[in-house]
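Novice: Pasting run18.cif here (mmCIF, C-alpha atoms):
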```cif
data_structure
#
loop_
_atom_site.group_PDB
_atom_site.id
_atom_site.type_symbol
_atom_site.label_atom_id
_atom_site.label_comp_id
_atom_site.auth_asym_id
_atom_site.auth_seq_id
_atom_site.Cartn_x
_atom_site.Cartn_y
_atom_site.Cartn_z
ATOM 1 C CA MET A 1 -11.649 4.881 -22.814
ATOM 2 C CA ILE A 2 -13.072 4.221 -19.401
ATOM 3 C CA GLN A 3 -13.503 7.350 -17.389
ATOM 4 C CA PRO A 4 -12.001 6.990 -13.907
ATOM 5 C CA SER A 5 -15.409 7.796 -12.499
ATOM 6 C CA SER A 6 -15.281 4.569 -10.543
ATOM 7 C CA SER A 7 -14.376 6.764 -7.637
ATOM 8 C CA PRO A 8 -17.286 6.950 -5.238
ATOM 9 C CA SER A 9 -19.754 9.430 -6.663
ATOM 10 C CA SER A 10 -22.743 8.804 -4.452
ATOM 11 C CA ALA A 11 -20.850 9.811 -1.346
ATOM 12 C CA ALA A 12 -22.811 11.463 1.375
ATOM 13 C CA ALA A 13 -21.076 14.189 3.333
ATOM 14 C CA LEU A 14 -17.586 13.028 4.178
ATOM 15 C CA PRO A 15 -16.400 13.101 7.804
ATOM 16 C CA ALA A 16 -13.869 15.889 8.316
ATOM 17 C CA GLU A 17 -11.001 13.508 8.988
ATOM 18 C CA ALA A 18 -11.527 11.649 5.709
ATOM 19 C CA SER A 19 -12.193 14.856 3.814
ATOM 20 C CA ASP A 20 -8.923 16.400 5.021
ATOM 21 C CA ALA A 21 -6.978 13.284 4.016
ATOM 22 C CA VAL A 22 -8.551 13.236 0.552
ATOM 23 C CA GLN A 23 -7.820 16.953 0.119
ATOM 24 C CA ALA A 24 -4.183 16.265 1.021
ATOM 25 C CA ALA A 25 -4.081 13.437 -1.506
ATOM 26 C CA LEU A 26 -5.545 15.789 -4.107
ATOM 27 C CA GLY A 27 -2.732 18.193 -3.245
ATOM 28 C CA ALA A 28 -0.203 15.435 -3.910
ATOM 29 C CA GLU A 29 -1.869 14.706 -7.257
ATOM 30 C CA HIS A 30 -1.742 18.391 -8.238
ATOM 31 C CA ALA A 31 1.958 18.441 -7.335
ATOM 32 C CA ALA A 32 2.639 15.251 -9.304
ATOM 33 C CA VAL A 33 0.967 16.673 -12.417
ATOM 34 C CA TRP A 34 3.140 19.762 -12.087
ATOM 35 C CA VAL A 35 6.278 17.639 -11.663
ATOM 36 C CA TYR A 36 5.569 15.528 -14.739
ATOM 37 C CA GLY A 37 5.128 18.725 -16.726
ATOM 38 C CA LEU A 38 8.421 20.093 -15.461
ATOM 39 C CA VAL A 39 10.677 17.082 -15.909
ATOM 40 C CA SER A 40 9.870 16.038 -19.452
ATOM 41 C CA ALA A 41 12.309 18.571 -20.926
ATOM 42 C CA PHE A 42 15.182 16.963 -19.009
ATOM 43 C CA LEU A 43 14.505 13.365 -19.945
ATOM 44 C CA PRO A 44 15.530 11.457 -23.084
ATOM 45 C CA ALA A 45 12.947 10.644 -25.739
ATOM 46 C CA GLY A 46 13.125 7.010 -24.687
ATOM 47 C CA LEU A 47 11.247 7.940 -21.514
ATOM 48 C CA ASP A 48 8.509 9.890 -23.291
ATOM 49 C CA ALA A 49 6.011 7.038 -23.052
ATOM 50 C CA PRO A 50 6.286 6.406 -19.292
ATOM 51 C CA VAL A 51 6.295 10.163 -18.621
ATOM 52 C CA ALA A 52 3.117 10.595 -20.666
ATOM 53 C CA ALA A 53 1.510 7.600 -18.952
ATOM 54 C CA GLY A 54 2.387 8.903 -15.494
ATOM 55 C CA MET A 55 1.090 12.368 -16.333
ATOM 56 C CA ALA A 56 -2.166 10.920 -17.679
ATOM 57 C CA ALA A 57 -2.607 8.734 -14.606
ATOM 58 C CA HIS A 58 -2.143 11.640 -12.205
ATOM 59 C CA ARG A 59 -4.466 13.909 -14.208
ATOM 60 C CA ALA A 60 -7.150 11.219 -14.186
ATOM 61 C CA ARG A 61 -6.720 10.643 -10.452
ATOM 62 C CA ARG A 62 -6.789 14.383 -9.795
ATOM 63 C CA ASP A 63 -10.000 14.812 -11.787
ATOM 64 C CA ALA A 64 -11.679 11.799 -10.161
ATOM 65 C CA THR A 65 -10.677 13.054 -6.716
ATOM 66 C CA GLU A 66 -12.081 16.513 -7.461
ATOM 67 C CA ARG A 67 -15.358 14.955 -8.596
ATOM 68 C CA PHE A 68 -15.464 12.791 -5.491
ATOM 69 C CA LEU A 69 -14.954 15.745 -3.156
ATOM 70 C CA ALA A 70 -17.511 17.871 -4.970
ATOM 71 C CA ALA A 71 -20.063 15.046 -4.788
ATOM 72 C CA ALA A 72 -19.426 14.799 -1.058
ATOM 73 C CA GLY A 73 -20.104 18.510 -0.645
ATOM 74 C CA SER A 74 -16.494 19.633 -0.195
ATOM 75 C CA THR A 75 -14.788 22.205 -2.369
ATOM 76 C CA PRO A 76 -11.732 20.606 -3.967
ATOM 77 C CA ARG A 77 -8.623 22.602 -3.201
ATOM 78 C CA PRO A 78 -6.984 24.027 -6.303
ATOM 79 C CA ALA A 79 -3.387 23.456 -7.360
ATOM 80 C CA GLU A 80 -0.742 25.818 -6.060
ATOM 81 C CA PRO A 81 0.516 28.302 -8.653
ATOM 82 C CA ALA A 82 3.968 26.709 -8.400
ATOM 83 C CA TYR A 83 5.869 24.164 -6.370
ATOM 84 C CA LEU A 84 9.373 24.216 -4.981
ATOM 85 C CA PRO A 85 11.301 21.007 -5.697
ATOM 86 C CA PRO A 86 13.617 19.946 -2.847
ATOM 87 C CA ASP A 87 16.497 20.133 -5.340
ATOM 88 C CA PRO A 88 16.657 22.105 -8.561
ATOM 89 C CA VAL A 89 15.975 20.124 -11.715
ATOM 90 C CA THR A 90 18.878 20.600 -14.096
ATOM 91 C CA ASP A 91 19.482 17.249 -15.754
ATOM 92 C CA GLN A 92 18.232 13.704 -16.181
ATOM 93 C CA ALA A 93 19.347 12.557 -12.731
ATOM 94 C CA SER A 94 17.638 15.403 -10.876
ATOM 95 C CA ALA A 95 14.533 15.006 -13.054
ATOM 96 C CA LEU A 96 14.273 11.303 -12.181
ATOM 97 C CA ALA A 97 14.862 12.074 -8.515
ATOM 98 C CA LEU A 98 11.982 14.552 -8.528
ATOM 99 C CA LEU A 99 9.679 11.996 -10.193
ATOM 100 C CA VAL A 100 10.532 9.527 -7.433
ATOM 101 C CA THR A 101 9.782 12.187 -4.813
ATOM 102 C CA ALA A 102 6.435 13.073 -6.392
ATOM 103 C CA GLU A 103 5.335 9.439 -6.592
ATOM 104 C CA ALA A 104 6.512 8.675 -3.068
ATOM 105 C CA ASP A 105 4.645 11.735 -1.721
ATOM 106 C CA THR A 106 1.547 10.445 -3.480
ATOM 107 C CA THR A 107 1.841 7.011 -1.860
ATOM 108 C CA VAL A 108 2.077 8.584 1.599
ATOM 109 C CA ALA A 109 -0.976 10.760 0.972
ATOM 110 C CA TRP A 110 -3.167 7.881 -0.224
ATOM 111 C CA ARG A 111 -2.096 5.519 2.530
ATOM 112 C CA ALA A 112 -3.170 8.241 4.964
ATOM 113 C CA VAL A 113 -6.618 8.127 3.347
ATOM 114 C CA LEU A 114 -6.796 4.361 4.022
ATOM 115 C CA GLU A 115 -6.252 5.079 7.705
ATOM 116 C CA ARG A 116 -8.865 7.819 7.914
ATOM 117 C CA THR A 117 -11.973 6.329 6.376
ATOM 118 C CA ASP A 118 -14.160 3.299 6.948
ATOM 119 C CA SER A 119 -15.712 3.527 3.478
ATOM 120 C CA ALA A 120 -14.736 0.416 1.527
ATOM 121 C CA GLU A 121 -15.355 2.310 -1.712
ATOM 122 C CA LEU A 122 -13.027 5.178 -0.819
ATOM 123 C CA ARG A 123 -10.451 2.710 0.461
ATOM 124 C CA ALA A 124 -10.546 0.844 -2.856
ATOM 125 C CA ALA A 125 -9.806 4.076 -4.735
ATOM 126 C CA ALA A 126 -7.061 4.976 -2.252
ATOM 127 C CA LEU A 127 -5.452 1.535 -2.504
ATOM 128 C CA GLU A 128 -5.393 1.732 -6.287
ATOM 129 C CA ALA A 129 -3.825 5.195 -6.135
ATOM 130 C CA LEU A 130 -1.267 4.011 -3.557
ATOM 131 C CA THR A 131 -0.350 0.909 -5.545
ATOM 132 C CA THR A 132 -0.037 2.537 -8.960
ATOM 133 C CA ALA A 133 2.072 5.386 -7.560
ATOM 134 C CA ALA A 134 4.320 2.895 -5.743
ATOM 135 C CA VAL A 135 4.846 0.949 -8.977
ATOM 136 C CA ARG A 136 5.701 4.120 -10.914
ATOM 137 C CA ALA A 137 8.104 5.165 -8.155
ATOM 138 C CA ALA A 138 9.805 1.767 -8.465
ATOM 139 C CA ARG A 139 10.132 2.183 -12.248
ATOM 140 C CA TRP A 140 11.672 5.640 -11.875
ATOM 141 C CA ARG A 141 14.124 4.418 -9.245
ATOM 142 C CA LYS A 142 15.056 1.618 -11.595
ATOM 143 C CA ALA A 143 15.558 4.072 -14.477
ATOM 144 C CA ALA A 144 17.748 6.166 -12.172
ATOM 145 C CA GLY A 145 19.798 3.142 -11.149
ATOM 146 C CA GLN A 146 18.718 3.532 -7.511
ATOM 147 C CA SER A 147 18.678 0.651 -5.088
ATOM 148 C CA PRO A 148 16.512 -0.586 -3.522
ATOM 149 C CA VAL A 149 13.956 -0.143 -6.259
ATOM 150 C CA THR A 150 11.132 0.045 -3.719
ATOM 151 C CA PRO A 151 10.667 0.396 0.010
ATOM 152 C CA ALA A 152 9.084 -2.710 1.543
ATOM 153 C CA LEU A 153 6.045 -0.713 2.662
ATOM 154 C CA PRO A 154 5.318 2.093 0.185
ATOM 155 C CA GLY A 155 3.328 4.935 1.683
ATOM 156 C CA GLN A 156 4.440 4.228 5.230
ATOM 157 C CA PRO A 157 5.479 7.616 6.541
ATOM 158 C CA MET B 1 -37.646 -1.079 44.247
ATOM 159 C CA LEU B 2 -38.369 -1.608 40.659
ATOM 160 C CA ARG B 3 -34.741 -0.997 39.874
ATOM 161 C CA ALA B 4 -33.598 -3.784 42.214
ATOM 162 C CA VAL B 5 -35.945 -6.270 40.626
ATOM 163 C CA LEU B 6 -34.744 -5.409 37.155
ATOM 164 C CA ALA B 7 -31.119 -5.659 38.155
ATOM 165 C CA ALA B 8 -31.356 -9.212 39.381
ATOM 166 C CA PRO B 9 -31.752 -11.039 36.061
ATOM 167 C CA VAL B 10 -28.790 -9.153 34.659
ATOM 168 C CA VAL B 11 -26.539 -10.411 37.430
ATOM 169 C CA LEU B 12 -27.913 -13.901 36.979
ATOM 170 C CA ALA B 13 -27.282 -13.773 33.279
ATOM 171 C CA ALA B 14 -23.717 -12.654 33.859
ATOM 172 C CA CYS B 15 -23.139 -15.549 36.248
ATOM 173 C CA THR B 16 -24.548 -18.279 34.060
ATOM 174 C CA SER B 17 -23.275 -17.140 30.682
ATOM 175 C CA THR B 18 -20.967 -19.630 29.036
ATOM 176 C CA PRO B 19 -17.463 -18.467 28.139
ATOM 177 C CA PRO B 20 -17.335 -16.855 24.695
ATOM 178 C CA PRO B 21 -16.175 -19.049 21.825
ATOM 179 C CA PRO B 22 -12.529 -18.606 20.820
ATOM 180 C CA PRO B 23 -12.102 -15.667 18.451
ATOM 181 C CA PRO B 24 -11.724 -16.456 14.759
ATOM 182 C CA PRO B 25 -8.170 -16.559 13.421
ATOM 183 C CA ASP B 26 -6.620 -13.174 12.752
ATOM 184 C CA PRO B 27 -6.727 -12.572 8.983
ATOM 185 C CA LEU B 28 -3.327 -10.895 9.186
ATOM 186 C CA ALA B 29 -1.760 -14.101 10.505
ATOM 187 C CA ALA B 30 -2.285 -15.759 7.114
ATOM 188 C CA LEU B 31 -0.730 -12.761 5.337
ATOM 189 C CA ALA B 32 2.258 -12.945 7.681
ATOM 190 C CA GLU B 33 2.654 -16.667 7.041
ATOM 191 C CA THR B 34 2.609 -16.146 3.257
ATOM 192 C CA ALA B 35 5.136 -13.335 3.591
ATOM 193 C CA ARG B 36 7.453 -15.616 5.582
ATOM 194 C CA SER B 37 7.253 -18.395 3.015
ATOM 195 C CA ASP B 38 7.776 -15.924 0.132
ATOM 196 C CA ALA B 39 10.854 -14.583 1.923
ATOM 197 C CA ALA B 40 12.235 -18.112 2.288
ATOM 198 C CA LEU B 41 11.531 -18.946 -1.357
ATOM 199 C CA ALA B 42 13.184 -15.736 -2.562
ATOM 200 C CA ALA B 43 16.205 -16.367 -0.323
ATOM 201 C CA ALA B 44 16.603 -19.883 -1.719
ATOM 202 C CA ILE B 45 16.387 -18.519 -5.267
ATOM 203 C CA ALA B 46 18.889 -15.748 -4.501
ATOM 204 C CA ALA B 47 21.339 -18.333 -3.207
ATOM 205 C CA ALA B 48 20.905 -20.759 -6.107
ATOM 206 C CA VAL B 49 20.527 -18.497 -9.140
ATOM 207 C CA PRO B 50 23.377 -15.981 -9.516
ATOM 208 C CA ALA B 51 21.517 -13.998 -12.188
ATOM 209 C CA LEU B 52 18.691 -13.389 -9.717
ATOM 210 C CA ALA B 53 20.826 -12.939 -6.607
ATOM 211 C CA THR B 54 20.260 -9.195 -6.239
ATOM 212 C CA ALA B 55 16.612 -9.049 -7.294
ATOM 213 C CA ALA B 56 15.512 -12.119 -5.345
ATOM 214 C CA GLY B 57 17.531 -10.903 -2.374
ATOM 215 C CA SER B 58 15.571 -7.641 -2.413
ATOM 216 C CA VAL B 59 12.298 -9.548 -2.614
ATOM 217 C CA SER B 60 13.363 -11.740 0.269
ATOM 218 C CA SER B 61 14.251 -8.885 2.597
ATOM 219 C CA ALA B 62 11.109 -6.901 1.722
ATOM 220 C CA ARG B 63 8.818 -9.900 2.270
ATOM 221 C CA ALA B 64 10.603 -10.614 5.558
ATOM 222 C CA GLU B 65 9.859 -7.027 6.560
ATOM 223 C CA HIS B 66 6.196 -7.562 5.616
ATOM 224 C CA ALA B 67 6.091 -10.716 7.749
ATOM 225 C CA GLU B 68 7.578 -8.894 10.709
ATOM 226 C CA ALA B 69 5.226 -5.899 10.475
ATOM 227 C CA LEU B 70 2.160 -8.106 10.051
ATOM 228 C CA GLN B 71 3.161 -10.462 12.867
ATOM 229 C CA ARG B 72 3.805 -7.505 15.154
ATOM 230 C CA GLU B 73 0.250 -6.315 14.514
ATOM 231 C CA VAL B 74 -1.181 -9.808 15.096
ATOM 232 C CA ASP B 75 0.716 -10.130 18.399
ATOM 233 C CA ARG B 76 -0.220 -6.617 19.474
ATOM 234 C CA GLU B 77 -3.910 -7.329 19.112
ATOM 235 C CA ARG B 78 -3.730 -10.826 20.602
ATOM 236 C CA PRO B 79 -0.525 -11.383 22.555
ATOM 237 C CA PRO B 80 0.793 -14.906 21.969
ATOM 238 C CA ARG B 81 0.098 -17.161 24.968
ATOM 239 C CA THR B 82 3.396 -19.009 24.818
ATOM 240 C CA SER B 83 6.641 -17.148 24.538
ATOM 241 C CA ALA B 84 7.432 -16.747 20.869
ATOM 242 C CA SER B 85 6.065 -19.849 19.187
ATOM 243 C CA ALA B 86 9.258 -20.995 17.516
ATOM 244 C CA PRO B 87 8.896 -20.685 13.755
ATOM 245 C CA PRO B 88 9.056 -24.086 12.081
ATOM 246 C CA SER B 89 12.692 -24.550 11.190
ATOM 247 C CA SER B 90 11.795 -25.819 7.761
ATOM 248 C CA THR B 91 14.524 -26.614 5.326
ATOM 249 C CA ALA B 92 15.042 -24.141 2.501
ATOM 250 C CA PRO B 93 12.302 -24.444 -0.130
ATOM 251 C CA ALA B 94 13.182 -26.119 -3.426
ATOM 252 C CA VAL B 95 14.086 -23.747 -6.230
ATOM 253 C CA PRO B 96 11.345 -23.944 -8.886
ATOM 254 C CA ALA B 97 12.072 -24.554 -12.560
ATOM 255 C CA ASP B 98 11.367 -20.947 -13.552
ATOM 256 C CA PRO B 99 12.380 -19.068 -10.404
ATOM 257 C CA GLY B 100 11.684 -15.558 -11.696
ATOM 258 C CA ALA B 101 8.179 -16.469 -12.803
ATOM 259 C CA ALA B 102 7.535 -18.287 -9.525
ATOM 260 C CA LEU B 103 8.397 -15.160 -7.554
ATOM 261 C CA VAL B 104 6.193 -12.970 -9.748
ATOM 262 C CA THR B 105 3.310 -15.416 -9.263
ATOM 263 C CA ALA B 106 3.830 -15.436 -5.497
ATOM 264 C CA LEU B 107 3.930 -11.623 -5.356
ATOM 265 C CA THR B 108 0.788 -11.319 -7.458
ATOM 266 C CA ALA B 109 -1.072 -13.721 -5.176
ATOM 267 C CA ALA B 110 0.176 -11.905 -2.075
ATOM 268 C CA GLU B 111 -0.907 -8.561 -3.505
ATOM 269 C CA SER B 112 -4.433 -9.826 -4.194
ATOM 270 C CA SER B 113 -4.944 -11.414 -0.800
ATOM 271 C CA ALA B 114 -3.753 -8.257 0.933
ATOM 272 C CA ALA B 115 -5.845 -5.997 -1.309
ATOM 273 C CA ALA B 116 -8.942 -8.132 -0.684
ATOM 274 C CA LEU B 117 -8.732 -7.373 3.052
ATOM 275 C CA VAL B 118 -8.179 -3.616 2.844
ATOM 276 C CA GLY B 119 -11.859 -2.680 2.568
ATOM 277 C CA SER B 120 -12.925 -4.389 5.777
ATOM 278 C CA LEU B 121 -10.042 -3.971 8.233
ATOM 279 C CA PRO B 122 -9.815 -1.479 11.096
ATOM 280 C CA ARG B 123 -8.186 1.757 9.982
ATOM 281 C CA TYR B 124 -4.601 1.290 11.109
ATOM 282 C CA ARG B 125 -4.559 -2.214 9.676
ATOM 283 C CA ALA B 126 -6.035 -0.978 6.390
ATOM 284 C CA GLY B 127 -3.042 1.319 5.996
ATOM 285 C CA LEU B 128 -0.503 -1.358 6.844
ATOM 286 C CA VAL B 129 -2.061 -4.010 4.625
ATOM 287 C CA GLY B 130 -2.477 -1.463 1.819
ATOM 288 C CA SER B 131 1.254 -0.783 1.980
ATOM 289 C CA VAL B 132 1.942 -4.526 1.901
ATOM 290 C CA ALA B 133 -0.181 -4.849 -1.268
ATOM 291 C CA ALA B 134 1.562 -1.874 -2.880
ATOM 292 C CA GLY B 135 4.925 -3.304 -1.825
ATOM 293 C CA CYS B 136 4.183 -6.643 -3.502
ATOM 294 C CA ALA B 137 3.121 -4.877 -6.712
ATOM 295 C CA SER B 138 6.308 -2.785 -6.653
ATOM 296 C CA LEU B 139 8.513 -5.814 -5.986
ATOM 297 C CA ARG B 140 7.399 -7.243 -9.327
ATOM 298 C CA GLU B 141 9.192 -4.273 -10.897
ATOM 299 C CA VAL B 142 12.380 -5.408 -9.174
ATOM 300 C CA LEU B 143 12.109 -8.648 -11.130
ATOM 301 C CA ALA B 144 10.892 -7.111 -14.397
#
```
Could you render the structure as structure tokens?

Specialist:
Amino acid sequence: MIQPSSSPSSAAALPAEASDAVQAALGAEHAAVWVYGLVSAFLPAGLDAPVAAGMAAHRARRDATERFLAAAGSTPRPAEPAYLPPDPVTDQASALALLVTAEADTTVAWRAVLERTDSAELRAAALEALTTAAVRAARWRKAAGQSPVTPALPGQP
Amino acid sequence: MLRAVLAAPVVLAACTSTPPPPPPPDPLAALAETARSDAALAAAIAAAVPALATAAGSVSSARAEHAEALQREVDRERPPRTSASAPPSSTAPAVPADPGAALVTALTAAESSAAALVGSLPRYRAGLVGSVAAGCASLREVLA
């Protein structure tokens, strides 16, 4: 398995603006990992595979982002002890809605990184994170029967 | 004294310099053009293929939104000289043999050309074009 260490590792000190945006994106990744852990109990076995894949993707992104920040001389911010979903998760519908929220939050955070760095390498990582989260959000909206399945411009706040 | 002597050639240079060459085409203009043609193709497919009406309709409206956002950015940076160059009133594109696959191919191509620009654009544009790339990738899920 390829380690997601393709994230820039040779980074020199990161300008504060970029560093803050990456820390915020790390926060969104922490939250997404927490959400995937929470929702699995409310979803049918048929969704086990996409839930596991989404969880693995966010863990890998979180770890790569932590490594990136550490290499750039910043201390990665830890996860919060708990998160407060906008609506309580009680069934399949609310579980899917929370997955959509977590993925959409992630797209916004990574698009913000694109707008706060000139590093092509960091932008490439941010674009991949934005795109993969947008695609997962679309799949969860589809599973929930939501329409439209995607906003035209994912990550646009 | 010395200052006055040094200043002279600068003024001279400013007077004799030739006008700068026209700027290269805006890379976002090509993305906007592709988005417009994708929107037209998807609209034609939505109208002709009932099974794809909803999905292709969504693709059409999202790609039209991409075209509008990209064109707005092109015009902001370099205001169009003439008032609103009328878009070519082309007839509706022909519906391809495998319309679903044609849309997926178009979205994949649009995603790659947008993604290829993200590394080198000014910051605001990098965000916008990144969202266009992510939007194209997500629109494939609409058709999946």

Novice: Please evaluate the PyMOL selection byres ((chain A and resi 14-29) around 8) against the structure above and give the resulting residues as an MDAnalysis selection string.

Specialist: chainID A and resid 11:13 30:33 58:59 61:62 65:66 69 72:74 76:79 102 105:106 109:110 112:113 116:117

Novice: Using the chain letters and residue numbers of this document, give as number ranges by chain the residues selected by the PyMOL selection byres ((chain A) within 9 of (chain B)).

Specialist: A: 107, 111-124, 126-128, 130-139, 142, 148-156

Novice: Distance atom CA of A:Met55-atom CA of A:Asp87, one decimal place?

Specialist: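 Those two atoms sit 20.5 Å apart.
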
Novice: Do you know which residues are at most 9 Å from stretch 45-52 of chain A counting only C-alpha atoms, after dropping those on the same chain fewer than 5 positions away, and could you put them as a list in words?

Specialist: Tyr36, Gly37, Val39, Ser40, Ala57 and Arg136 of chain A

Novice: For atom CA of B:Val104 and atom CA of B:Ala56, determine how far apart the two atoms are, in Å to one decimal place.

Specialist: 10.3 Å

Novice: Can you tell me, as lines of an AutoDock Vina configuration file, the centre and edge lengths (Å, one decimal) of the axis-aligned box enclosing all of stretch 69-82 of chain B's listed atoms after padding each side by 5 Å?

Specialist:
```
center_x = 0.7
center_y = -12.5
center_z = 17.5
size_x = 19.1
size_y = 23.1
size_z = 24.9
```

Novice: Between atom CA of A:Val100 and atom CA of A:Glu80, measure the distance and give it in Å to one decimal.

Specialist: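 These two atoms are separated by 19.9 Å.
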
Novice: Identify, on the basis of only C-alpha atoms, every residue whose closest approach to stretch 91-102 of chain B does not exceed 9 Å; exclude the query and any residue fewer than 4 positions from it along the same chain; express the result as a count of residues only.

Specialist: 15

Novice: Do you know which residues are at most 9 Å from A:Leu38 counting all atoms listed in the file, after dropping those on the same chain fewer than 4 positions away, and could you put them as an NGL selection string?

Specialist: :A and (33-34 or 42 or 89 or 95)

Novice: Can you write just those residues out, C-alpha atoms, as a PDB file, in the coordinates of the input?

Specialist:
```pdb
ATOM      1  CA  VAL A  33       0.967  16.673 -12.417  1.00  0.00           C
ATOM      2  CA  TRP A  34       3.140  19.762 -12.087  1.00  0.00           C
ATOM      3  CA  PHE A  42      15.182  16.963 -19.009  1.00  0.00           C
ATOM      4  CA  VAL A  89      15.975  20.124 -11.715  1.00  0.00           C
ATOM      5  CA  ALA A  95      14.533  15.006 -13.054  1.00  0.00           C
TER       6      ALA A  95
END
```

Novice: With all atoms listed in the file as the basis for distance, which of A:Arg141, A:Pro44, A:Ala129, A:Ser147 is at the shortest distance from A:Asp91?

Specialist: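 Smallest distance to A:Asp91 is found for A:Pro44.
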